[in-house]
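Note sheet for the following structure.
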Amino acid sequence: MPESSIIIIGAGPAGLCLARALSQRGLRVDVIERQPRAAVVAPAPDGREIALTQASMRILRELGVWEGIDASAVSPLRRARVADGDAGNGFEVDAETFGQAALGGLVANSDIRAAAWSVVEGDERIRVHFEAEVASVAAGSRRAEVVLEDGRRFEAPLLVAADSRFSSTRRALGIPVAMHDFGKIMLVCRVRPGRDHEGVAWEWFGEGQTRALLPLNDGLASAVLTVTGVEAERLQALDADALSRELEDRYRGRFGPMALEGEVHAYPLVATWAHRFVGPRFALVGDAAVGMHPVTAHGFNLGLASVERLASAVADSIARHGDPAHPAMLARYQRRHRAGSATLFLGTGLVVRVFTDDRLPVRPLRRAIIAAGRALPPLRRALADALLDDGPVDPTPRQRLRRGFEVLRPRVAGSRRLQ
Ligand SMILES: Cc1cc2nc3c(=O)[nH]c(=O)nc-3n(C[C@H](O)[C@H](O)[C@H](O)COP(=O)(O)OP(=O)(O)OC[C@H]3O[C@@H](n4cnc5c(N)ncnc54)[C@H](O)[C@@H]3O)c2cc1C
């Protein structure tokens, strides 16, 4: 077998996007995927509606993936509301206030994966090996090596793990991971609410549960519930009518009657943070590096940021050292991706702790955060900026400074109280 330039384990959205980003820089890539071809070529809907930031849409456009997503499959996210307890107690971030039509776009994970496959399929520098079970991986100072169960052997100067937050490649390479099991299940399903959602994404905490409603095109929405394992089992066992009624009740009738459309999908909530993102001849991307709790909707956005950072480090490594995996360049990738992810990762953990803990001492803190969101335009602007900014994932100090001033500029309309 001819030697490949880079080996990627995992043909999920991060692995496929990285393969494309490396190919665009002239590299050949072998992608090793455990699933059968059909699961990657025509991925089944998995209930995940991915809220993409403007930066992620830019990256997908640059990779050519965006073109493969039908415009009608992109649901604009015009406003985002965060509410606590009583639905009226919250604050809102409105794209219009910032002169934009949408804060971001919602796209089904299966559509992103299918579009990523369509660019990879037509790329002669990328080979994807399906139903490939990894028997062993090794990475040393000179080469990385992957051997498959069927005896095929791959050698490369760089091995990348993109094989999910429970990455077995990461474990095989001996990288410890900080893992937090939130002890809850996230249930997601498409619904047709009786009332127009007006392009508003709701995140509704309190009353012993977390509910979200994500606005989709054609009058559809994605209902997202965070519940205990026992509750998840009970809800999944309900028939469509009973579940629709239960949803209407849980959302306090705010969106009118709910009609279930399609299947309910369940995800155990586990966040992961790899202690190292790189080592000699290897790197982690996507969820294998940082596995986010979905509440802040940033897992794949960070995954795409890791793709941009690693692809740029590899290109610079070749240009400066004639080697795609020079230790200094991998270290730069790790440094930048850590710095670009840590605040969101820790902040998300804090949001989950503060907003899902109904014990008395935490409630005033929650109220204070909501009140700050309502009273402080710069805070809302900072939240909107994180979604709207489509610049490089690692801005220069000057760009950072300019962004900082933008956030503080007092041109935001007064806060809007929810009704
Ligand atoms: C309910 C929910 C909602 C979400 N909403 C958002 C959102 O709004 N915005 C956002 O940015 N993110 C969101 N996310 C996160 C997003 O879905 C993930 O970050 C993203 O799918 C991770 O992509 P990945 O390619 O890193 O990993 P995965 O999608 O897990 O893909 C890993 C791939 O590796 C393969 N693989 C695994 N092990 C092996 C092996 N040993 N050998 C070969 N192949 C292997 C798998 O078959 C798979 O194809 C959400 C997640 C959930 C659960």
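Residues are named by chain letter and number: chains run A, B, ... in the order of the structure tokens, numbers start at 1 in each chain, and ligands are numbered from 1 in the order shown.
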
Can you tell me which residues surround stretch 190-206 of chain A at a distance of at most 9 Å, considering only C-alpha atoms, apart from same-chain residues fewer than 5 positions away, and format the answer as a VMD selection string? chain A and resid 47 75 to 87 90 94 102 211 to 224 244 248 251 254 to 264 295 355 to 358

If the limit is 8 Å from any atom of ligand 1, counting only C-alpha atoms and all ligand atoms, which residues qualify? Return them as a PyMOL selection string. chain A and resi 9-16+32-35+40+47-53+106+109+131-134+162-169+186-188+224+266-269+285-288+291-303

DSSP-assigned alpha helix (DSSP H) members of stretch 139-385 of chain A, reported as an MDAnalysis selection string: chainID A and resid 168:172 229:237 240:250 299:321 327:356 363:375 377:385

Residues of the last selection are to be written out with C-alpha atoms, as an mmCIF file, in the first residue's frame.
```
data_model
loop_
_atom_site.group_PDB
_atom_site.id
_atom_site.type_symbol
_atom_site.label_atom_id
_atom_site.label_comp_id
_atom_site.auth_asym_id
_atom_site.auth_seq_id
_atom_site.Cartn_x
_atom_site.Cartn_y
_atom_site.Cartn_z
ATOM 1 C CA SER A 168 -10.381 4.654 21.473
ATOM 2 C CA THR A 169 -7.388 6.036 19.536
ATOM 3 C CA ARG A 170 -6.861 8.602 22.290
ATOM 4 C CA ARG A 171 -6.923 5.862 24.895
ATOM 5 C CA ALA A 172 -4.610 3.611 22.861
ATOM 6 C CA GLY A 229 -32.451 8.276 32.820
ATOM 7 C CA VAL A 230 -35.712 6.980 34.292
ATOM 8 C CA GLU A 231 -37.680 9.868 32.806
ATOM 9 C CA ALA A 232 -35.991 9.370 29.439
ATOM 10 C CA GLU A 233 -37.053 5.707 29.393
ATOM 11 C CA ARG A 234 -40.620 6.613 30.315
ATOM 12 C CA LEU A 235 -40.851 9.331 27.659
ATOM 13 C CA GLN A 236 -39.335 7.145 24.957
ATOM 14 C CA ALA A 237 -41.885 4.433 25.690
ATOM 15 C CA ALA A 240 -46.577 9.747 19.510
ATOM 16 C CA ASP A 241 -49.837 11.272 20.794
ATOM 17 C CA ALA A 242 -48.969 10.819 24.456
ATOM 18 C CA LEU A 243 -45.491 12.250 23.943
ATOM 19 C CA SER A 244 -46.920 15.233 22.041
ATOM 20 C CA ARG A 245 -49.256 15.969 24.961
ATOM 21 C CA GLU A 246 -46.404 15.557 27.448
ATOM 22 C CA LEU A 247 -44.289 18.042 25.467
ATOM 23 C CA GLU A 248 -47.112 20.561 25.314
ATOM 24 C CA ASP A 249 -47.430 20.273 29.070
ATOM 25 C CA ARG A 250 -43.678 20.549 29.712
ATOM 26 C CA GLY A 299 -19.416 21.172 20.064
ATOM 27 C CA PHE A 300 -19.148 21.104 16.291
ATOM 28 C CA ASN A 301 -18.334 24.818 16.145
ATOM 29 C CA LEU A 302 -15.277 24.010 18.257
ATOM 30 C CA GLY A 303 -14.688 20.941 16.087
ATOM 31 C CA LEU A 304 -14.488 23.149 12.996
ATOM 32 C CA ALA A 305 -12.193 25.548 14.838
ATOM 33 C CA SER A 306 -9.907 22.575 15.590
ATOM 34 C CA VAL A 307 -9.954 21.690 11.883
ATOM 35 C CA GLU A 308 -8.945 25.224 10.892
ATOM 36 C CA ARG A 309 -6.222 25.380 13.541
ATOM 37 C CA LEU A 310 -4.720 21.956 12.819
ATOM 38 C CA ALA A 311 -4.815 22.364 9.028
ATOM 39 C CA SER A 312 -3.037 25.717 9.350
ATOM 40 C CA ALA A 313 -0.426 24.266 11.737
ATOM 41 C CA VAL A 314 0.240 21.364 9.343
ATOM 42 C CA ALA A 315 0.599 23.705 6.351
ATOM 43 C CA ASP A 316 2.992 25.981 8.268
ATOM 44 C CA SER A 317 4.889 22.943 9.514
ATOM 45 C CA ILE A 318 5.486 21.763 5.955
ATOM 46 C CA ALA A 319 6.458 25.258 4.814
ATOM 47 C CA ARG A 320 8.924 25.842 7.668
ATOM 48 C CA HIS A 321 10.226 22.363 8.463
ATOM 49 C CA PRO A 327 6.613 19.223 17.351
ATOM 50 C CA ALA A 328 6.646 23.035 17.547
ATOM 51 C CA MET A 329 3.742 23.310 15.090
ATOM 52 C CA LEU A 330 1.694 20.625 16.836
ATOM 53 C CA ALA A 331 2.371 22.445 20.098
ATOM 54 C CA ARG A 332 1.046 25.639 18.471
ATOM 55 C CA TYR A 333 -2.133 23.816 17.474
ATOM 56 C CA GLN A 334 -2.582 22.558 21.030
ATOM 57 C CA ARG A 335 -1.914 25.982 22.540
ATOM 58 C CA ARG A 336 -4.351 27.754 20.240
ATOM 59 C CA HIS A 337 -7.109 25.182 20.467
ATOM 60 C CA ARG A 338 -6.861 25.031 24.240
ATOM 61 C CA ALA A 339 -6.958 28.804 24.500
ATOM 62 C CA GLY A 340 -9.869 28.979 22.060
ATOM 63 C CA SER A 341 -11.923 26.277 23.812
ATOM 64 C CA ALA A 342 -11.218 26.503 27.536
ATOM 65 C CA THR A 343 -13.488 29.448 28.349
ATOM 66 C CA LEU A 344 -16.435 27.939 26.479
ATOM 67 C CA PHE A 345 -15.841 24.497 27.963
ATOM 68 C CA LEU A 346 -15.594 25.774 31.539
ATOM 69 C CA GLY A 347 -18.361 28.335 30.999
ATOM 70 C CA THR A 348 -20.686 25.643 29.672
ATOM 71 C CA GLY A 349 -19.997 23.462 32.714
ATOM 72 C CA LEU A 350 -20.801 26.446 34.933
ATOM 73 C CA VAL A 351 -24.024 27.220 33.047
ATOM 74 C CA VAL A 352 -25.138 23.614 33.500
ATOM 75 C CA ARG A 353 -24.321 23.670 37.207
ATOM 76 C CA VAL A 354 -25.927 27.020 37.960
ATOM 77 C CA PHE A 355 -28.951 26.706 35.699
ATOM 78 C CA THR A 356 -29.897 23.109 36.398
ATOM 79 C CA ARG A 363 -31.417 30.437 42.626
ATOM 80 C CA PRO A 364 -30.384 34.022 43.526
ATOM 81 C CA LEU A 365 -27.222 33.601 41.464
ATOM 82 C CA ARG A 366 -29.317 32.473 38.529
ATOM 83 C CA ARG A 367 -31.642 35.423 38.918
ATOM 84 C CA ALA A 368 -28.628 37.745 39.090
ATOM 85 C CA ILE A 369 -27.202 36.340 35.842
ATOM 86 C CA ILE A 370 -30.542 36.727 34.055
ATOM 87 C CA ALA A 371 -30.896 40.279 35.410
ATOM 88 C CA ALA A 372 -27.364 41.107 34.193
ATOM 89 C CA GLY A 373 -28.277 39.735 30.760
ATOM 90 C CA ARG A 374 -31.292 42.045 30.709
ATOM 91 C CA ALA A 375 -29.590 45.123 32.062
ATOM 92 C CA PRO A 377 -26.169 45.565 26.597
ATOM 93 C CA PRO A 378 -22.397 44.790 26.391
ATOM 94 C CA LEU A 379 -23.057 41.338 27.836
ATOM 95 C CA ARG A 380 -25.721 40.634 25.234
ATOM 96 C CA ARG A 381 -23.474 42.072 22.581
ATOM 97 C CA ALA A 382 -20.636 39.763 23.684
ATOM 98 C CA LEU A 383 -22.994 36.780 23.441
ATOM 99 C CA ALA A 384 -24.141 37.848 19.978
ATOM 100 C CA ASP A 385 -20.573 38.540 18.872
#
```

Find the spatial neighbours of A:Val137, counting only C-alpha atoms, within a cut-off of 12 Å - ignore same-chain residues fewer than 2 positions away - and output them as a ChimeraX atom specification. /A:7-9,32,133-135,139-140,143-149,153-156,158-161,168-174,281-282

Can you list, as a ChimeraX atom specification, every residue of stretch 21-221 of chain A that DSSP puts in strand (DSSP E or B)? /A:29-32,49-52,75-77,79-84,90-94,104-108,126-129,134-139,144-148,153-156,158-161,177-193,200-205,210-215,221

What is the atom CA of A:Met179-atom CA of A:Leu18 distance in Å, reported with one decimal? 24.4 Å

Could you jot down the atom CA of A:Phe182 to atom CA of A:Thr210 separation for me, Å, one decimal place? 12.9 Å

Given only C-alpha atoms as the basis, pick out the residue of A:Ala114, A:Val270, A:Leu225, A:Ala21 nearest to A:Ala38.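 Comparing A:Ala114, A:Val270, A:Leu225, A:Ala21 against A:Ala38, the winner is A:Ala114.
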